[in-house]
file coords_15.cif (mmCIF, C-alpha atoms)
data_start
loop_
_atom_site.group_PDB
_atom_site.id
_atom_site.type_symbol
_atom_site.label_atom_id
_atom_site.label_comp_id
_atom_site.auth_asym_id
_atom_site.auth_seq_id
_atom_site.Cartn_x
_atom_site.Cartn_y
_atom_site.Cartn_z
ATOM 1 C CA MET V 1 132.582 60.927 221.721
ATOM 2 C CA SER V 2 131.485 61.210 225.323
ATOM 3 C CA ARG V 3 130.523 64.786 226.246
ATOM 4 C CA GLU V 4 129.953 64.252 229.952
ATOM 5 C CA PHE V 5 132.666 66.759 230.809
ATOM 6 C CA PRO V 6 133.268 70.505 230.408
ATOM 7 C CA ASP V 7 135.778 71.948 227.951
ATOM 8 C CA TYR V 8 137.349 73.983 230.766
ATOM 9 C CA VAL V 9 137.491 73.502 234.517
ATOM 10 C CA ASP V 10 138.594 75.649 237.446
ATOM 11 C CA PRO V 11 141.178 73.250 238.924
ATOM 12 C CA TRP V 12 141.242 74.879 242.386
ATOM 13 C CA ARG V 13 137.491 74.546 242.810
ATOM 14 C CA ALA V 14 137.624 71.031 241.354
ATOM 15 C CA ALA V 15 140.355 70.086 243.864
ATOM 16 C CA ASP V 16 138.369 71.540 246.751
ATOM 17 C CA GLY V 17 135.363 69.478 245.651
ATOM 18 C CA ARG V 18 137.472 66.380 244.913
ATOM 19 C CA ARG V 19 135.832 66.335 241.499
ATOM 20 C CA ASN V 20 136.207 63.489 238.983
ATOM 21 C CA ILE V 21 135.877 64.098 235.259
ATOM 22 C CA GLY V 22 136.038 61.442 232.574
ATOM 23 C CA GLY V 23 135.062 60.638 229.036
ATOM 24 C CA THR V 24 136.410 60.030 225.576
ATOM 25 C CA LEU V 25 137.831 62.307 222.908
ATOM 26 C CA PRO V 26 138.464 61.476 219.240
ATOM 27 C CA LEU V 27 142.129 61.515 218.225
ATOM 28 C CA THR V 28 141.184 63.870 215.369
ATOM 29 C CA ARG V 29 140.688 66.606 217.972
ATOM 30 C CA PHE V 30 144.385 66.659 218.980
ATOM 31 C CA SER V 31 146.102 69.016 216.530
ATOM 32 C CA ARG V 32 149.559 68.678 218.131
ATOM 33 C CA LEU V 33 149.404 64.861 218.290
ATOM 34 C CA ARG V 34 148.012 64.174 214.804
ATOM 35 C CA PRO V 35 151.277 64.872 212.877
ATOM 36 C CA LEU V 36 152.983 62.131 214.930
ATOM 37 C CA LEU V 37 150.391 59.510 214.024
ATOM 38 C CA ALA V 38 150.144 57.289 210.946
ATOM 39 C CA SER V 39 146.355 57.439 211.367
ATOM 40 C CA ASP V 40 144.180 59.584 213.607
ATOM 41 C CA GLU V 41 141.386 57.027 213.847
ATOM 42 C CA GLY V 42 140.214 56.052 217.308
ATOM 43 C CA GLU V 43 139.607 57.819 220.550
ATOM 44 C CA ALA V 44 141.262 58.465 223.870
ATOM 45 C CA ARG V 45 139.563 57.470 227.121
ATOM 46 C CA PHE V 46 140.535 59.624 230.091
ATOM 47 C CA SER V 47 139.786 60.395 233.714
ATOM 48 C CA LEU V 48 140.850 63.344 235.838
ATOM 49 C CA HIS V 49 140.757 63.045 239.644
ATOM 50 C CA PHE V 50 141.205 66.351 241.457
ATOM 51 C CA GLY V 51 142.273 66.586 245.083
ATOM 52 C CA HIS V 52 145.044 67.776 247.400
ATOM 53 C CA ASP V 53 148.396 66.314 248.374
ATOM 54 C CA ALA V 54 149.743 66.000 251.938
ATOM 55 C CA GLN V 55 150.784 69.687 251.903
ATOM 56 C CA ARG V 56 147.231 70.683 250.873
ATOM 57 C CA ARG V 57 148.378 71.731 247.388
ATOM 58 C CA PRO V 58 145.872 71.115 244.570
ATOM 59 C CA THR V 59 146.618 68.100 242.343
ATOM 60 C CA VAL V 60 145.098 66.261 239.429
ATOM 61 C CA ARG V 61 145.636 62.571 238.689
ATOM 62 C CA VAL V 62 145.395 62.094 234.917
ATOM 63 C CA LYS V 63 144.731 58.660 233.413
ATOM 64 C CA VAL V 64 144.685 58.317 229.626
ATOM 65 C CA SER V 65 144.241 55.227 227.493
ATOM 66 C CA ALA V 66 144.317 55.218 223.694
ATOM 67 C CA PRO V 67 145.372 53.075 220.744
ATOM 68 C CA LEU V 68 147.837 55.219 218.752
ATOM 69 C CA THR V 69 148.696 54.231 215.191
ATOM 70 C CA LEU V 70 152.403 55.001 214.787
ATOM 71 C CA LEU V 71 154.816 54.481 211.900
ATOM 72 C CA CYS V 72 157.507 51.953 212.830
ATOM 73 C CA GLN V 73 160.916 53.401 211.968
ATOM 74 C CA ARG V 74 162.381 49.934 211.468
ATOM 75 C CA SER V 75 159.822 48.517 209.018
ATOM 76 C CA LEU V 76 158.159 51.781 207.895
ATOM 77 C CA GLU V 77 154.823 50.047 208.488
ATOM 78 C CA PRO V 78 152.061 51.362 210.752
ATOM 79 C CA TYR V 79 151.407 49.586 214.035
ATOM 80 C CA ILE V 80 149.140 50.223 217.001
ATOM 81 C CA ALA V 81 150.753 51.192 220.289
ATOM 82 C CA GLN V 82 148.377 50.930 223.224
ATOM 83 C CA VAL V 83 149.004 53.868 225.542
ATOM 84 C CA ASP V 84 148.056 53.640 229.202
ATOM 85 C CA GLN V 85 149.456 56.762 230.840
ATOM 86 C CA GLU V 86 148.956 57.914 234.423
ATOM 87 C CA SER V 87 150.409 61.047 236.014
ATOM 88 C CA LEU V 88 149.966 62.983 239.232
ATOM 89 C CA LEU V 89 150.345 66.694 238.523
ATOM 90 C CA GLN V 90 150.652 69.615 240.913
ATOM 91 C CA ILE V 91 148.434 72.516 239.848
ATOM 92 C CA ILE V 92 150.218 75.867 239.774
ATOM 93 C CA GLY V 93 148.954 79.276 238.696
ATOM 94 C CA ALA V 94 152.242 81.083 238.035
ATOM 95 C CA PRO V 95 155.709 80.046 236.798
ATOM 96 C CA SER V 96 157.224 81.294 240.075
ATOM 97 C CA GLU V 97 155.357 78.524 241.948
ATOM 98 C CA GLN V 98 157.469 75.922 240.145
ATOM 99 C CA ALA V 99 160.383 76.779 242.453
ATOM 100 C CA LEU V 100 158.318 75.475 245.394
ATOM 101 C CA LEU V 101 158.140 71.971 243.852
ATOM 102 C CA SER V 102 160.750 69.253 244.101
ATOM 103 C CA ASP V 103 162.520 68.031 240.966
ATOM 104 C CA GLU V 104 160.470 64.815 241.023
ATOM 105 C CA GLU V 105 157.098 66.579 241.057
ATOM 106 C CA GLU V 106 155.380 67.173 237.755
ATOM 107 C CA PHE V 107 153.093 70.135 237.347
ATOM 108 C CA VAL V 108 150.559 71.764 235.090
ATOM 109 C CA LEU V 109 150.575 75.540 234.722
ATOM 110 C CA VAL V 110 147.018 76.877 234.654
ATOM 111 C CA ASP V 111 146.526 80.052 232.667
ATOM 112 C CA GLU V 112 143.798 82.544 233.612
ATOM 113 C CA GLY V 113 142.309 80.294 236.276
ATOM 114 C CA ARG V 114 140.954 77.617 233.969
ATOM 115 C CA MET V 115 142.325 74.367 232.595
ATOM 116 C CA ALA V 116 141.482 72.998 229.146
ATOM 117 C CA VAL V 117 140.530 69.350 229.605
ATOM 118 C CA ALA V 118 141.359 68.279 226.023
ATOM 119 C CA GLU V 119 144.781 69.982 226.143
ATOM 120 C CA LEU V 120 145.676 68.141 229.346
ATOM 121 C CA VAL V 121 144.704 64.810 227.767
ATOM 122 C CA GLU V 122 146.683 65.654 224.612
ATOM 123 C CA ASP V 123 149.753 66.575 226.705
ATOM 124 C CA GLU V 124 149.702 63.129 228.331
ATOM 125 C CA LEU V 125 149.404 61.398 224.948
ATOM 126 C CA LEU V 126 152.283 63.451 223.535
ATOM 127 C CA LEU V 127 154.470 62.374 226.449
ATOM 128 C CA ALA V 128 153.646 58.727 225.711
ATOM 129 C CA VAL V 129 154.718 58.800 222.038
ATOM 130 C CA PRO V 130 158.252 57.399 221.679
ATOM 131 C CA GLN V 131 160.857 59.537 219.921
ATOM 132 C CA VAL V 132 161.608 56.657 217.562
ATOM 133 C CA PRO V 133 158.541 54.445 217.200
ATOM 134 C CA ARG V 134 159.406 50.766 216.764
ATOM 135 C CA ASN V 135 156.934 47.931 216.579
ATOM 136 C CA PRO V 136 157.806 45.646 219.519
ATOM 137 C CA ASP V 137 156.305 42.660 217.668
ATOM 138 C CA LEU V 138 158.975 42.733 214.932
ATOM 139 C CA GLU V 139 161.719 40.145 215.042
ATOM 140 C CA PRO V 140 165.203 41.553 215.634
ATOM 141 C CA VAL V 141 167.042 42.233 212.386
ATOM 142 C CA GLN V 142 169.746 39.608 211.762
ATOM 143 C CA HIS V 143 172.927 40.400 209.863
ATOM 144 C CA SER V 144 175.601 37.970 208.765
ATOM 145 C CA THR V 145 179.180 39.195 209.129
ATOM 146 C CA ALA V 146 182.147 36.913 208.437
ATOM 147 C CA GLY V 147 179.960 33.842 208.849
ATOM 148 C CA LYS V 148 178.750 34.984 212.265
ATOM 149 C CA GLU V 149 175.132 36.021 212.947
ATOM 150 C CA THR V 150 174.612 39.045 215.173
ATOM 151 C CA THR V 151 171.633 41.186 216.034
ATOM 152 C CA ALA V 152 171.309 44.727 214.776
ATOM 153 C CA ALA V 153 171.538 45.981 218.356
ATOM 154 C CA ALA V 154 174.846 44.206 218.925
ATOM 155 C CA GLU V 155 176.235 45.664 215.699
ATOM 156 C CA ALA V 156 175.093 49.131 216.717
ATOM 157 C CA ASP V 157 176.868 48.694 220.061
ATOM 158 C CA ASP V 158 180.046 47.625 218.228
ATOM 159 C CA ARG V 159 179.839 50.681 215.939
ATOM 160 C CA ASP V 160 179.271 52.960 218.928
ATOM 161 C CA GLN V 161 182.320 51.483 220.666
ATOM 162 C CA GLU V 162 184.459 52.013 217.553
ATOM 163 C CA ALA V 163 183.171 55.559 217.159
ATOM 164 C CA ARG V 164 184.215 56.348 220.708
ATOM 165 C CA GLN V 165 187.706 55.023 220.089
ATOM 166 C CA ARG V 166 188.214 56.679 216.665
ATOM 167 C CA PRO V 167 185.715 59.509 216.326
ATOM 168 C CA PHE V 168 187.106 60.959 213.066
ATOM 169 C CA GLU V 169 187.789 57.714 211.245
ATOM 170 C CA SER V 170 184.486 57.808 209.353
ATOM 171 C CA LEU V 171 185.186 61.392 208.315
ATOM 172 C CA ALA V 172 188.574 60.348 206.922
ATOM 173 C CA GLU V 173 186.883 57.579 204.925
ATOM 174 C CA MET V 174 184.387 60.054 203.481
ATOM 175 C CA MET V 175 187.214 62.385 202.451
ATOM 176 C CA LYS V 176 189.018 59.514 200.683
ATOM 177 C CA ASN V 177 185.911 58.659 198.663
ATOM 178 C CA LYS V 178 185.560 62.210 197.273
#

call {"tool": "encode", "arguments": {"input": "coords_15.cif", "output": "structure tokens"}}
result
Amino acid sequence: MSREFPDYVDPWRAADGRRNIGGTLPLTRFSRLRPLLASDEGEARFSLHFGHDAQRRPTVRVKVSAPLTLLCQRSLEPYIAQVDQESLLQIIGAPSEQALLSDEEEFVLVDEGRMAVAELVEDELLLAVPQVPRNPDLEPVQHSTAGKETTAAAEADDRDQEARQRPFESLAEMMKNK
């Protein structure tokens, strides 16, 4: 683990000084991320670049890279998803300042004048984890129906279309089977 950075930073002073902070953190340190992982081995490499935007508001550009071991929901096997996340965040000190930002601008709310570096890195990793992890290297699942091969995605689309046309049909079938 690289300890060339502070645990906390004053983001307004860092922005004024155009400070850059970087290093690595072990994945075991991220208590909110660990339950989403199949394994917490490895480390996250990050860099924070503080500065100001065109309106002279303080910002931080966050870059995070980490290999996350996720559990594929298709195969139920672990796989490694390489995360390379980059965000530009406006630094605000009170929730009321959020109203001054456009809908497209992302922000980080700084509590008590100091920002926890590890928490900011963990936030970026949490945003990168898919809701339903699927290994992109897996072949599409093939099903045979009436002598015709279709992909699982095509079948799911067909089921969705049928559900939209007859939303209570499956409920009626369940009631018949009881």

call {"tool": "residues_around", "arguments": {"input": "coords_15.cif", "residues": "Glu124 of chain V", "least_positions_apart": "4", "cutoff": "9 Å", "atoms": "only C-alpha atoms", "output": "PyMOL selection string"}}
result
chain V and resi 62-64+85-87+119-120+128

call {"tool": "resolve_selection", "arguments": {"input": "coords_15.cif", "expression": "the PyMOL selection byres ((chain V and resi 8) around 9)", "output": "PDB file with C-alpha atoms, in the frame of the given file"}}
result
ATOM      1  CA  PHE V   5     132.666  66.759 230.809  1.00  0.00           C
ATOM      2  CA  PRO V   6     133.268  70.505 230.408  1.00  0.00           C
ATOM      3  CA  ASP V   7     135.778  71.948 227.951  1.00  0.00           C
ATOM      4  CA  VAL V   9     137.491  73.502 234.517  1.00  0.00           C
ATOM      5  CA  ASP V  10     138.594  75.649 237.446  1.00  0.00           C
ATOM      6  CA  ARG V 114     140.954  77.617 233.969  1.00  0.00           C
ATOM      7  CA  MET V 115     142.325  74.367 232.595  1.00  0.00           C
ATOM      8  CA  ALA V 116     141.482  72.998 229.146  1.00  0.00           C
ATOM      9  CA  VAL V 117     140.530  69.350 229.605  1.00  0.00           C
ATOM     10  CA  ALA V 118     141.359  68.279 226.023  1.00  0.00           C
TER      11      ALA V 118
END

call {"tool": "resolve_selection", "arguments": {"input": "coords_15.cif", "expression": "the PyMOL selection byres ((chain V and resi 61) around 10)", "output": "ChimeraX atom specification"}}
result
/V:20,47-51,59-60,62-63,86-90

call {"tool": "resolve_selection", "arguments": {"input": "coords_15.cif", "expression": "the PyMOL selection byres ((chain V and resi 81) around 6)", "output": "list in words"}}
result
Pro67, Leu68, Ile80 and Gln82 of chain V

call {"tool": "residues_around", "arguments": {"input": "coords_15.cif", "residues": "Pro133 of chain V", "least_positions_apart": "6", "cutoff": "12 Å", "atoms": "all atoms listed in the file", "output": "compact mmCIF listing (two decimals) with C-alpha atoms, keeping the file's coordinate frame"}}
result
# COMPACT_ATOMS: atom_id res chain seq x y z
CA LEU V 36 152.98 62.13 214.93
CA LEU V 37 150.39 59.51 214.02
CA ALA V 38 150.14 57.29 210.95
CA LEU V 68 147.84 55.22 218.75
CA THR V 69 148.70 54.23 215.19
CA LEU V 70 152.40 55.00 214.79
CA LEU V 71 154.82 54.48 211.90
CA CYS V 72 157.51 51.95 212.83
CA GLN V 73 160.92 53.40 211.97
CA ARG V 74 162.38 49.93 211.47
CA SER V 75 159.82 48.52 209.02
CA LEU V 76 158.16 51.78 207.90
CA GLU V 77 154.82 50.05 208.49
CA PRO V 78 152.06 51.36 210.75
CA TYR V 79 151.41 49.59 214.04
CA ILE V 80 149.14 50.22 217.00
CA ALA V 81 150.75 51.19 220.29

call {"tool": "closest_residue", "arguments": {"input": "coords_15.cif", "among": "V:Leu138, V:Val121, V:Val132, V:Ile21", "to": "Asp84 of chain V", "atoms": "all atoms listed in the file"}}
result
V:Val121

call {"tool": "decode", "arguments": {"input": "coords_15.cif", "residues": "segment 25-38 of chain V", "atoms": "all heavy atoms", "output": "tab-separated table (two decimals), in the first residue's frame"}}
result
chain	number	residue	atom	x	y	z
V	25	LEU	N	-4.54	1.80	-2.49
V	25	LEU	CA	-5.23	1.35	-1.28
V	25	LEU	C	-5.66	-0.10	-1.46
V	25	LEU	O	-6.17	-0.45	-2.54
V	25	LEU	CB	-6.48	2.20	-1.02
V	25	LEU	CG	-6.26	3.62	-0.53
V	25	LEU	CD1	-7.53	4.45	-0.70
V	25	LEU	CD2	-5.84	3.60	0.92
V	26	PRO	N	-5.48	-0.94	-0.43
V	26	PRO	CA	-5.94	-2.33	-0.56
V	26	PRO	C	-7.47	-2.38	-0.57
V	26	PRO	O	-8.14	-1.60	0.12
V	26	PRO	CB	-5.37	-3.01	0.68
V	26	PRO	CG	-5.19	-1.92	1.67
V	26	PRO	CD	-4.88	-0.67	0.87
V	27	LEU	N	-8.02	-3.30	-1.34
V	27	LEU	CA	-9.48	-3.44	-1.40
V	27	LEU	C	-10.06	-3.85	-0.05
V	27	LEU	O	-11.24	-3.58	0.22
V	27	LEU	CB	-9.88	-4.45	-2.48
V	27	LEU	CG	-9.52	-4.04	-3.91
V	27	LEU	CD1	-9.93	-5.15	-4.89
V	27	LEU	CD2	-10.13	-2.72	-4.31
V	28	THR	N	-9.26	-4.45	0.81
V	28	THR	CA	-9.74	-4.86	2.14
V	28	THR	C	-10.12	-3.65	2.99
V	28	THR	O	-10.86	-3.79	3.96
V	28	THR	CB	-8.66	-5.67	2.89
V	28	THR	OG1	-7.46	-4.89	2.95
V	28	THR	CG2	-8.39	-6.99	2.20
V	29	ARG	N	-9.66	-2.48	2.62
V	29	ARG	CA	-9.94	-1.27	3.41
V	29	ARG	C	-11.34	-0.71	3.15
V	29	ARG	O	-11.83	0.11	3.91
V	29	ARG	CB	-8.89	-0.22	3.08
V	29	ARG	CG	-9.05	1.03	3.89
V	29	ARG	CD	-7.82	1.84	3.97
V	29	ARG	NE	-8.09	3.07	4.68
V	29	ARG	CZ	-7.29	4.09	4.70
V	29	ARG	NH1	-6.14	4.04	4.06
V	29	ARG	NH2	-7.60	5.17	5.37
V	30	PHE	N	-12.00	-1.15	2.08
V	30	PHE	CA	-13.29	-0.58	1.68
V	30	PHE	C	-14.45	-1.40	2.24
V	30	PHE	O	-14.92	-2.35	1.61
V	30	PHE	CB	-13.37	-0.49	0.16
V	30	PHE	CG	-12.26	0.31	-0.46
V	30	PHE	CD1	-11.49	-0.22	-1.48
V	30	PHE	CD2	-11.98	1.59	-0.03
V	30	PHE	CE1	-10.48	0.52	-2.07
V	30	PHE	CE2	-10.96	2.35	-0.61
V	30	PHE	CZ	-10.21	1.80	-1.62
V	31	SER	N	-14.93	-1.02	3.40
V	31	SER	CA	-15.98	-1.80	4.08
V	31	SER	C	-17.31	-1.81	3.34
V	31	SER	O	-18.06	-2.78	3.43
V	31	SER	CB	-16.19	-1.27	5.50
V	31	SER	OG	-16.61	0.08	5.48
V	32	ARG	N	-17.63	-0.77	2.59
V	32	ARG	CA	-18.90	-0.74	1.85
V	32	ARG	C	-18.81	-1.53	0.56
V	32	ARG	O	-19.80	-2.07	0.07
V	32	ARG	CB	-19.32	0.70	1.54
V	32	ARG	CG	-19.66	1.50	2.79
V	32	ARG	CD	-19.97	2.95	2.47
V	32	ARG	NE	-18.75	3.60	1.99
V	32	ARG	CZ	-18.73	4.58	1.09
V	32	ARG	NH1	-19.85	5.03	0.56
V	32	ARG	NH2	-17.60	5.13	0.72
V	33	LEU	N	-17.62	-1.62	-0.03
V	33	LEU	CA	-17.41	-2.32	-1.30
V	33	LEU	C	-17.25	-3.82	-1.10
V	33	LEU	O	-17.72	-4.62	-1.91
V	33	LEU	CB	-16.17	-1.75	-2.01
V	33	LEU	CG	-15.77	-2.41	-3.31
V	33	LEU	CD1	-16.82	-2.16	-4.39
V	33	LEU	CD2	-14.40	-1.91	-3.77
V	34	ARG	N	-16.62	-4.23	-0.02
V	34	ARG	CA	-16.27	-5.65	0.18
V	34	ARG	C	-17.44	-6.60	0.07
V	34	ARG	O	-17.29	-7.68	-0.51
V	34	ARG	CB	-15.54	-5.81	1.52
V	34	ARG	CG	-14.12	-5.31	1.40
V	34	ARG	CD	-13.29	-5.40	2.65
V	34	ARG	NE	-13.54	-6.55	3.46
V	34	ARG	CZ	-13.47	-6.55	4.79
V	34	ARG	NH1	-13.17	-5.44	5.44
V	34	ARG	NH2	-13.70	-7.64	5.47
V	35	PRO	N	-18.65	-6.30	0.59
V	35	PRO	CA	-19.76	-7.25	0.44
V	35	PRO	C	-20.17	-7.50	-1.01
V	35	PRO	O	-20.80	-8.51	-1.31
V	35	PRO	CB	-20.91	-6.60	1.21
V	35	PRO	CG	-20.27	-5.64	2.14
V	35	PRO	CD	-19.01	-5.18	1.47
V	36	LEU	N	-19.82	-6.62	-1.93
V	36	LEU	CA	-20.17	-6.77	-3.33
V	36	LEU	C	-19.15	-7.59	-4.12
V	36	LEU	O	-19.39	-7.92	-5.28
V	36	LEU	CB	-20.31	-5.40	-3.99
V	36	LEU	CG	-21.31	-4.44	-3.35
V	36	LEU	CD1	-21.27	-3.09	-4.03
V	36	LEU	CD2	-22.70	-5.02	-3.37
V	37	LEU	N	-18.04	-7.91	-3.48
V	37	LEU	CA	-16.95	-8.60	-4.15
V	37	LEU	C	-16.94	-10.09	-3.82
V	37	LEU	O	-17.30	-10.48	-2.72
V	37	LEU	CB	-15.60	-7.99	-3.74
V	37	LEU	CG	-15.41	-6.50	-4.00
V	37	LEU	CD1	-14.07	-6.04	-3.44
V	37	LEU	CD2	-15.53	-6.20	-5.47
V	38	ALA	N	-16.49	-10.90	-4.77
V	38	ALA	CA	-16.29	-12.33	-4.52
V	38	ALA	C	-14.98	-12.54	-3.77
V	38	ALA	O	-14.83	-13.51	-3.04
V	38	ALA	CB	-16.28	-13.10	-5.84
